[in-house]
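*Asks:* Input file: start-v9.cif. Contents: mmCIF, C-alpha atoms.
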data_upload
loop_
_atom_site.group_PDB
_atom_site.id
_atom_site.type_symbol
_atom_site.label_atom_id
_atom_site.label_comp_id
_atom_site.auth_asym_id
_atom_site.auth_seq_id
_atom_site.Cartn_x
_atom_site.Cartn_y
_atom_site.Cartn_z
ATOM 1 C CA MET R 4 151.724 73.244 121.129
ATOM 2 C CA ASN R 5 151.435 74.521 117.569
ATOM 3 C CA VAL R 6 147.824 75.656 117.055
ATOM 4 C CA ASP R 7 148.325 75.803 113.274
ATOM 5 C CA GLN R 8 148.623 72.010 113.112
ATOM 6 C CA PRO R 9 145.357 70.160 112.453
ATOM 7 C CA TYR R 10 144.273 67.651 115.066
ATOM 8 C CA VAL R 11 145.165 64.126 113.957
ATOM 9 C CA ASN R 12 143.744 60.960 115.507
ATOM 10 C CA ALA R 13 146.129 58.102 116.105
ATOM 11 C CA PRO R 14 145.000 54.939 114.312
ATOM 12 C CA ARG R 15 143.229 52.298 116.382
ATOM 13 C CA LEU R 16 145.301 49.110 116.455
ATOM 14 C CA ILE R 17 143.457 45.795 116.120
ATOM 15 C CA TRP R 18 145.498 43.099 117.896
ATOM 16 C CA SER R 19 145.215 39.332 117.459
ATOM 17 C CA LYS R 20 144.635 37.314 120.639
ATOM 18 C CA ASP R 21 148.169 35.909 120.496
ATOM 19 C CA SER R 22 149.607 39.467 120.165
ATOM 20 C CA ASN R 23 151.660 38.419 117.133
ATOM 21 C CA TRP R 24 149.539 40.329 114.598
ATOM 22 C CA PHE R 25 148.116 43.833 114.469
ATOM 23 C CA ALA R 26 146.248 45.828 111.855
ATOM 24 C CA TYR R 27 145.155 49.428 111.567
ATOM 25 C CA PRO R 28 143.388 51.692 109.077
ATOM 26 C CA PHE R 29 145.241 54.613 107.544
ATOM 27 C CA ALA R 30 143.710 57.353 105.403
ATOM 28 C CA SER R 31 145.918 58.238 102.448
ATOM 29 C CA GLY R 32 143.801 61.240 101.558
ATOM 30 C CA SER R 33 140.152 62.084 102.009
ATOM 31 C CA ARG R 34 138.883 59.428 99.594
ATOM 32 C CA VAL R 35 140.892 56.332 100.495
ATOM 33 C CA THR R 36 141.509 54.368 103.677
ATOM 34 C CA ASP R 37 143.692 51.269 103.515
ATOM 35 C CA THR R 38 144.486 48.619 106.102
ATOM 36 C CA TYR R 39 148.068 47.947 107.144
ATOM 37 C CA VAL R 40 149.077 44.679 108.801
ATOM 38 C CA TYR R 41 152.137 43.705 110.833
ATOM 39 C CA HIS R 42 153.297 40.290 112.040
ATOM 40 C CA ARG R 43 155.800 39.481 114.771
ATOM 41 C CA SER R 44 159.002 37.992 113.428
ATOM 42 C CA ASP R 45 161.435 37.118 116.214
ATOM 43 C CA ASP R 46 161.692 40.278 118.345
ATOM 44 C CA ASP R 47 160.327 42.713 115.782
ATOM 45 C CA PHE R 48 157.194 43.358 113.724
ATOM 46 C CA THR R 49 157.295 43.170 109.938
ATOM 47 C CA GLN R 50 154.871 44.988 107.651
ATOM 48 C CA LEU R 51 153.055 42.596 105.322
ATOM 49 C CA GLU R 52 151.927 43.150 101.728
ATOM 50 C CA THR R 53 148.298 44.333 101.852
ATOM 51 C CA GLY R 54 147.764 45.694 98.340
ATOM 52 C CA ASN R 55 145.064 43.096 97.711
ATOM 53 C CA LEU R 56 143.056 43.701 100.911
ATOM 54 C CA GLN R 57 139.903 44.832 99.130
ATOM 55 C CA VAL R 58 137.000 43.280 97.256
ATOM 56 C CA ASP R 59 136.003 44.064 93.690
ATOM 57 C CA VAL R 60 132.930 46.241 93.356
ATOM 58 C CA GLU R 61 130.687 46.738 90.340
ATOM 59 C CA GLY R 62 130.607 50.353 89.247
ATOM 60 C CA ASP R 63 132.989 53.289 89.174
ATOM 61 C CA VAL R 64 134.332 53.747 92.698
ATOM 62 C CA ARG R 65 134.932 57.329 93.825
ATOM 63 C CA ASN R 66 135.816 56.758 97.498
ATOM 64 C CA GLN R 67 136.959 53.526 99.147
ATOM 65 C CA TYR R 68 137.437 52.890 102.855
ATOM 66 C CA VAL R 69 138.814 49.522 104.019
ATOM 67 C CA ASN R 70 138.995 49.063 107.792
ATOM 68 C CA PRO R 71 139.977 46.102 109.957
ATOM 69 C CA VAL R 72 137.203 44.895 112.277
ATOM 70 C CA ARG R 73 138.792 42.057 114.280
ATOM 71 C CA TRP R 74 141.090 39.067 114.070
ATOM 72 C CA VAL R 75 139.062 35.873 113.646
ATOM 73 C CA LYS R 76 142.190 33.935 114.597
ATOM 74 C CA PRO R 77 145.911 34.606 114.112
ATOM 75 C CA GLY R 78 146.530 35.315 110.425
ATOM 76 C CA VAL R 79 142.811 35.629 109.585
ATOM 77 C CA LEU R 80 141.376 39.153 109.580
ATOM 78 C CA LEU R 81 137.780 40.364 109.238
ATOM 79 C CA LEU R 82 137.507 43.680 107.361
ATOM 80 C CA GLU R 83 134.801 46.065 106.237
ATOM 81 C CA GLN R 84 134.875 47.979 102.967
ATOM 82 C CA PHE R 85 132.666 50.963 102.186
ATOM 83 C CA ASP R 86 132.627 52.299 98.616
ATOM 84 C CA ILE R 87 130.963 55.431 97.269
ATOM 85 C CA LEU R 88 130.239 55.182 93.550
ATOM 86 C CA ARG R 89 130.495 57.981 90.996
ATOM 87 C CA GLY R 90 127.542 59.457 89.163
ATOM 88 C CA GLY R 91 125.061 59.232 91.998
ATOM 89 C CA ASN R 92 125.040 55.437 91.791
ATOM 90 C CA GLY R 93 124.977 55.001 95.551
ATOM 91 C CA SER R 94 127.311 53.077 97.777
ATOM 92 C CA ALA R 95 128.163 49.530 98.774
ATOM 93 C CA THR R 96 129.399 47.961 102.009
ATOM 94 C CA TYR R 97 131.099 44.584 102.246
ATOM 95 C CA ARG R 98 132.408 42.483 105.104
ATOM 96 C CA PHE R 99 135.160 40.129 104.053
ATOM 97 C CA THR R 100 137.674 37.775 105.573
ATOM 98 C CA ALA R 101 141.305 37.567 104.487
ATOM 99 C CA ARG R 102 143.830 34.882 105.417
ATOM 100 C CA PHE R 103 147.591 35.370 105.236
ATOM 101 C CA ASP R 104 149.267 32.747 103.049
ATOM 102 C CA GLU R 105 152.772 32.019 104.336
ATOM 103 C CA LYS R 106 153.829 30.523 100.965
ATOM 104 C CA THR R 107 152.964 33.564 98.843
ATOM 105 C CA GLY R 108 153.467 36.202 101.538
ATOM 106 C CA LYS R 109 150.112 37.757 100.639
ATOM 107 C CA PHE R 110 146.581 37.850 101.935
ATOM 108 C CA GLN R 111 143.875 35.866 100.174
ATOM 109 C CA ILE R 112 140.215 36.758 100.493
ATOM 110 C CA ILE R 113 138.379 33.645 101.672
ATOM 111 C CA SER R 114 134.846 35.039 102.075
ATOM 112 C CA LYS R 115 132.844 38.172 101.328
ATOM 113 C CA LYS R 116 129.323 39.350 102.000
ATOM 114 C CA ARG R 117 127.537 42.478 100.878
ATOM 115 C CA ILE R 118 125.870 44.309 103.751
ATOM 116 C CA PRO R 119 122.424 45.706 102.870
ATOM 117 C CA ALA R 120 122.114 49.494 103.015
ATOM 118 C CA LYS R 121 120.329 50.906 106.055
ATOM 119 C CA GLU R 122 117.200 52.838 105.197
#
Translate the structure of the given file into structure tokens.

*Replies:*
Amino acid sequence: MNVDQPYVNAPRLIWSKDSNWFAYPFASGSRVTDTYVYHRSDDDFTQLETGNLQVDVEGDVRNQYVNPVRWVKPGVLLLEQFDILRGGNGSATYRFTARFDEKTGKFQIISKKRIPAKE
């Protein structure tokens, strides 16, 4: 074991009930976490385009963390997004649902809700 290597947690996979879809969060630095999604195609899993798996936020976003919560049903994923805004303007948390569109090969956000800050 190399003690110079930092400890790294393996991502937690979120599986659909039919086991044909899975999603996981991945931090691409200390200020951004994105969600990656795979779908079973024949005997293998294919990574899907997830560049649009986020909701627009008012303000200048400094940090953004998008994490999968659970599969509502196959192809429909519930996610949570936490944004920290620049300039001491606070933060915002959203829960949103995205559905995979077979025709376009992309996810479409079908609902979003801002979660009130805990005091």

*Asks:* Applied to the shown file, which residues does the PyMOL selection byres ((chain R and resi 93-102) around 10) return, written as a compact mmCIF listing (two decimals) with C-alpha atoms, keeping the file's coordinate frame?

*Replies:*
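And here is the file that came out, result13.txt:
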# COMPACT_ATOMS: atom_id res chain seq x y z
CA ASN R 55 145.06 43.10 97.71
CA LEU R 56 143.06 43.70 100.91
CA GLN R 57 139.90 44.83 99.13
CA VAL R 58 137.00 43.28 97.26
CA ASP R 59 136.00 44.06 93.69
CA VAL R 60 132.93 46.24 93.36
CA GLU R 61 130.69 46.74 90.34
CA GLY R 62 130.61 50.35 89.25
CA VAL R 64 134.33 53.75 92.70
CA ARG R 65 134.93 57.33 93.82
CA ASN R 66 135.82 56.76 97.50
CA GLN R 67 136.96 53.53 99.15
CA TYR R 68 137.44 52.89 102.86
CA VAL R 69 138.81 49.52 104.02
CA ASN R 70 139.00 49.06 107.79
CA PRO R 71 139.98 46.10 109.96
CA VAL R 72 137.20 44.90 112.28
CA ARG R 73 138.79 42.06 114.28
CA TRP R 74 141.09 39.07 114.07
CA VAL R 75 139.06 35.87 113.65
CA LYS R 76 142.19 33.94 114.60
CA PRO R 77 145.91 34.61 114.11
CA GLY R 78 146.53 35.32 110.42
CA VAL R 79 142.81 35.63 109.58
CA LEU R 80 141.38 39.15 109.58
CA LEU R 81 137.78 40.36 109.24
CA LEU R 82 137.51 43.68 107.36
CA GLU R 83 134.80 46.06 106.24
CA GLN R 84 134.88 47.98 102.97
CA PHE R 85 132.67 50.96 102.19
CA ASP R 86 132.63 52.30 98.62
CA ILE R 87 130.96 55.43 97.27
CA LEU R 88 130.24 55.18 93.55
CA ARG R 89 130.50 57.98 91.00
CA GLY R 90 127.54 59.46 89.16
CA GLY R 91 125.06 59.23 92.00
CA ASN R 92 125.04 55.44 91.79
CA PHE R 103 147.59 35.37 105.24
CA ASP R 104 149.27 32.75 103.05
CA GLU R 105 152.77 32.02 104.34
CA LYS R 109 150.11 37.76 100.64
CA PHE R 110 146.58 37.85 101.94
CA GLN R 111 143.88 35.87 100.17
CA ILE R 112 140.22 36.76 100.49
CA ILE R 113 138.38 33.65 101.67
CA SER R 114 134.85 35.04 102.08
CA LYS R 115 132.84 38.17 101.33
CA LYS R 116 129.32 39.35 102.00
CA ARG R 117 127.54 42.48 100.88
CA ILE R 118 125.87 44.31 103.75
CA PRO R 119 122.42 45.71 102.87
CA ALA R 120 122.11 49.49 103.02

*Asks:* Using the chain letters and residue numbers of this document, give as a PyMOL selection string the residues selected by the PyMOL selection byres ((chain R and resi 25) around 12).

*Replies:* chain R and resi 14-24+26-28+38-43+48-51+71-74+76-80

*Asks:* Rounded to one decimal in Å, what is the spacing between atom CA of Thr36 of chain R and atom CA of Asp63 of chain R?

*Replies:* 16.9 Å

*Asks:* Please report, as lines of an AutoDock Vina configuration file, the centre and edge lengths in Å to one decimal of an axis-aligned box covering all listed atoms of segment 67-70 of chain R with 6 Å per side.

*Replies:*
center_x = 138.0
center_y = 51.3
center_z = 103.5
size_x = 14.0
size_y = 16.5
size_z = 20.6

*Asks:* Since the input lacks some atoms of segment 40-62 of chain R, please model N, CA, C and O atoms and print them as an mmCIF file, keeping the file's coordinate frame.

*Replies:*
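Listed below is the output, result-v2.cif:
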data_model
loop_
_atom_site.group_PDB
_atom_site.id
_atom_site.type_symbol
_atom_site.label_atom_id
_atom_site.label_comp_id
_atom_site.auth_asym_id
_atom_site.auth_seq_id
_atom_site.Cartn_x
_atom_site.Cartn_y
_atom_site.Cartn_z
ATOM 1 N N VAL R 40 148.972 45.839 107.920
ATOM 2 C CA VAL R 40 149.077 44.679 108.801
ATOM 3 C C VAL R 40 150.549 44.404 109.110
ATOM 4 O O VAL R 40 151.397 44.465 108.211
ATOM 5 N N TYR R 41 150.797 44.071 110.385
ATOM 6 C CA TYR R 41 152.137 43.705 110.833
ATOM 7 C C TYR R 41 152.079 42.359 111.542
ATOM 8 O O TYR R 41 151.084 42.032 112.190
ATOM 9 N N HIS R 42 153.185 41.602 111.401
ATOM 10 C CA HIS R 42 153.297 40.290 112.040
ATOM 11 C C HIS R 42 154.629 40.214 112.783
ATOM 12 O O HIS R 42 155.657 40.685 112.271
ATOM 13 N N ARG R 43 154.575 39.618 113.976
ATOM 14 C CA ARG R 43 155.800 39.481 114.771
ATOM 15 C C ARG R 43 156.722 38.462 114.117
ATOM 16 O O ARG R 43 156.318 37.359 113.777
ATOM 17 N N SER R 44 157.962 38.858 113.945
ATOM 18 C CA SER R 44 159.002 37.992 113.428
ATOM 19 C C SER R 44 160.189 38.123 114.375
ATOM 20 O O SER R 44 160.824 39.175 114.424
ATOM 21 N N ASP R 45 160.419 37.082 115.155
ATOM 22 C CA ASP R 45 161.435 37.118 116.214
ATOM 23 C C ASP R 45 161.077 38.212 117.219
ATOM 24 O O ASP R 45 160.020 38.174 117.801
ATOM 25 N N ASP R 46 161.932 39.217 117.363
ATOM 26 C CA ASP R 46 161.692 40.278 118.345
ATOM 27 C C ASP R 46 161.137 41.553 117.735
ATOM 28 O O ASP R 46 161.052 42.582 118.408
ATOM 29 N N ASP R 47 160.770 41.505 116.460
ATOM 30 C CA ASP R 47 160.327 42.713 115.782
ATOM 31 C C ASP R 47 159.051 42.429 114.988
ATOM 32 O O ASP R 47 158.696 41.280 114.754
ATOM 33 N N PHE R 48 158.374 43.492 114.574
ATOM 34 C CA PHE R 48 157.194 43.358 113.724
ATOM 35 C C PHE R 48 157.568 43.733 112.294
ATOM 36 O O PHE R 48 158.301 44.694 112.075
ATOM 37 N N THR R 49 157.040 42.956 111.354
ATOM 38 C CA THR R 49 157.295 43.170 109.938
ATOM 39 C C THR R 49 155.990 43.552 109.248
ATOM 40 O O THR R 49 154.966 42.896 109.457
ATOM 41 N N GLN R 50 156.049 44.594 108.415
ATOM 42 C CA GLN R 50 154.871 44.988 107.651
ATOM 43 C C GLN R 50 154.649 43.987 106.528
ATOM 44 O O GLN R 50 155.587 43.601 105.831
ATOM 45 N N LEU R 51 153.397 43.560 106.354
ATOM 46 C CA LEU R 51 153.055 42.596 105.322
ATOM 47 C C LEU R 51 152.445 43.299 104.111
ATOM 48 O O LEU R 51 151.899 44.395 104.229
ATOM 49 N N GLU R 52 152.512 42.649 102.967
ATOM 50 C CA GLU R 52 151.927 43.150 101.728
ATOM 51 C C GLU R 52 150.403 43.115 101.855
ATOM 52 O O GLU R 52 149.831 42.052 102.085
ATOM 53 N N THR R 53 149.753 44.268 101.713
ATOM 54 C CA THR R 53 148.298 44.333 101.852
ATOM 55 C C THR R 53 147.631 44.997 100.653
ATOM 56 O O THR R 53 146.484 45.428 100.739
ATOM 57 N N GLY R 54 148.317 45.046 99.527
ATOM 58 C CA GLY R 54 147.764 45.694 98.340
ATOM 59 C C GLY R 54 146.491 45.048 97.824
ATOM 60 O O GLY R 54 145.723 45.671 97.109
ATOM 61 N N ASN R 55 146.257 43.792 98.196
ATOM 62 C CA ASN R 55 145.064 43.096 97.711
ATOM 63 C C ASN R 55 143.985 42.973 98.789
ATOM 64 O O ASN R 55 143.072 42.170 98.650
ATOM 65 N N LEU R 56 144.060 43.765 99.846
ATOM 66 C CA LEU R 56 143.056 43.701 100.911
ATOM 67 C C LEU R 56 141.862 44.592 100.555
ATOM 68 O O LEU R 56 141.634 45.643 101.163
ATOM 69 N N GLN R 57 141.125 44.160 99.548
ATOM 70 C CA GLN R 57 139.903 44.832 99.130
ATOM 71 C C GLN R 57 139.132 43.868 98.243
ATOM 72 O O GLN R 57 139.695 42.932 97.703
ATOM 73 N N VAL R 58 137.824 44.106 98.138
ATOM 74 C CA VAL R 58 137.000 43.280 97.256
ATOM 75 C C VAL R 58 136.624 44.097 96.029
ATOM 76 O O VAL R 58 136.538 45.326 96.086
ATOM 77 N N ASP R 59 136.424 43.400 94.920
ATOM 78 C CA ASP R 59 136.003 44.064 93.690
ATOM 79 C C ASP R 59 134.546 44.492 93.814
ATOM 80 O O ASP R 59 133.719 43.763 94.358
ATOM 81 N N VAL R 60 134.269 45.663 93.282
ATOM 82 C CA VAL R 60 132.930 46.241 93.356
ATOM 83 C C VAL R 60 132.493 46.595 91.940
ATOM 84 O O VAL R 60 133.285 47.115 91.151
ATOM 85 N N GLU R 61 131.229 46.325 91.629
ATOM 86 C CA GLU R 61 130.687 46.738 90.340
ATOM 87 C C GLU R 61 130.418 48.231 90.374
ATOM 88 O O GLU R 61 129.876 48.748 91.345
ATOM 89 N N GLY R 62 130.813 48.916 89.318
ATOM 90 C CA GLY R 62 130.607 50.353 89.247
ATOM 91 C C GLY R 62 131.916 51.105 89.328
ATOM 92 O O GLY R 62 132.983 50.534 89.541
#
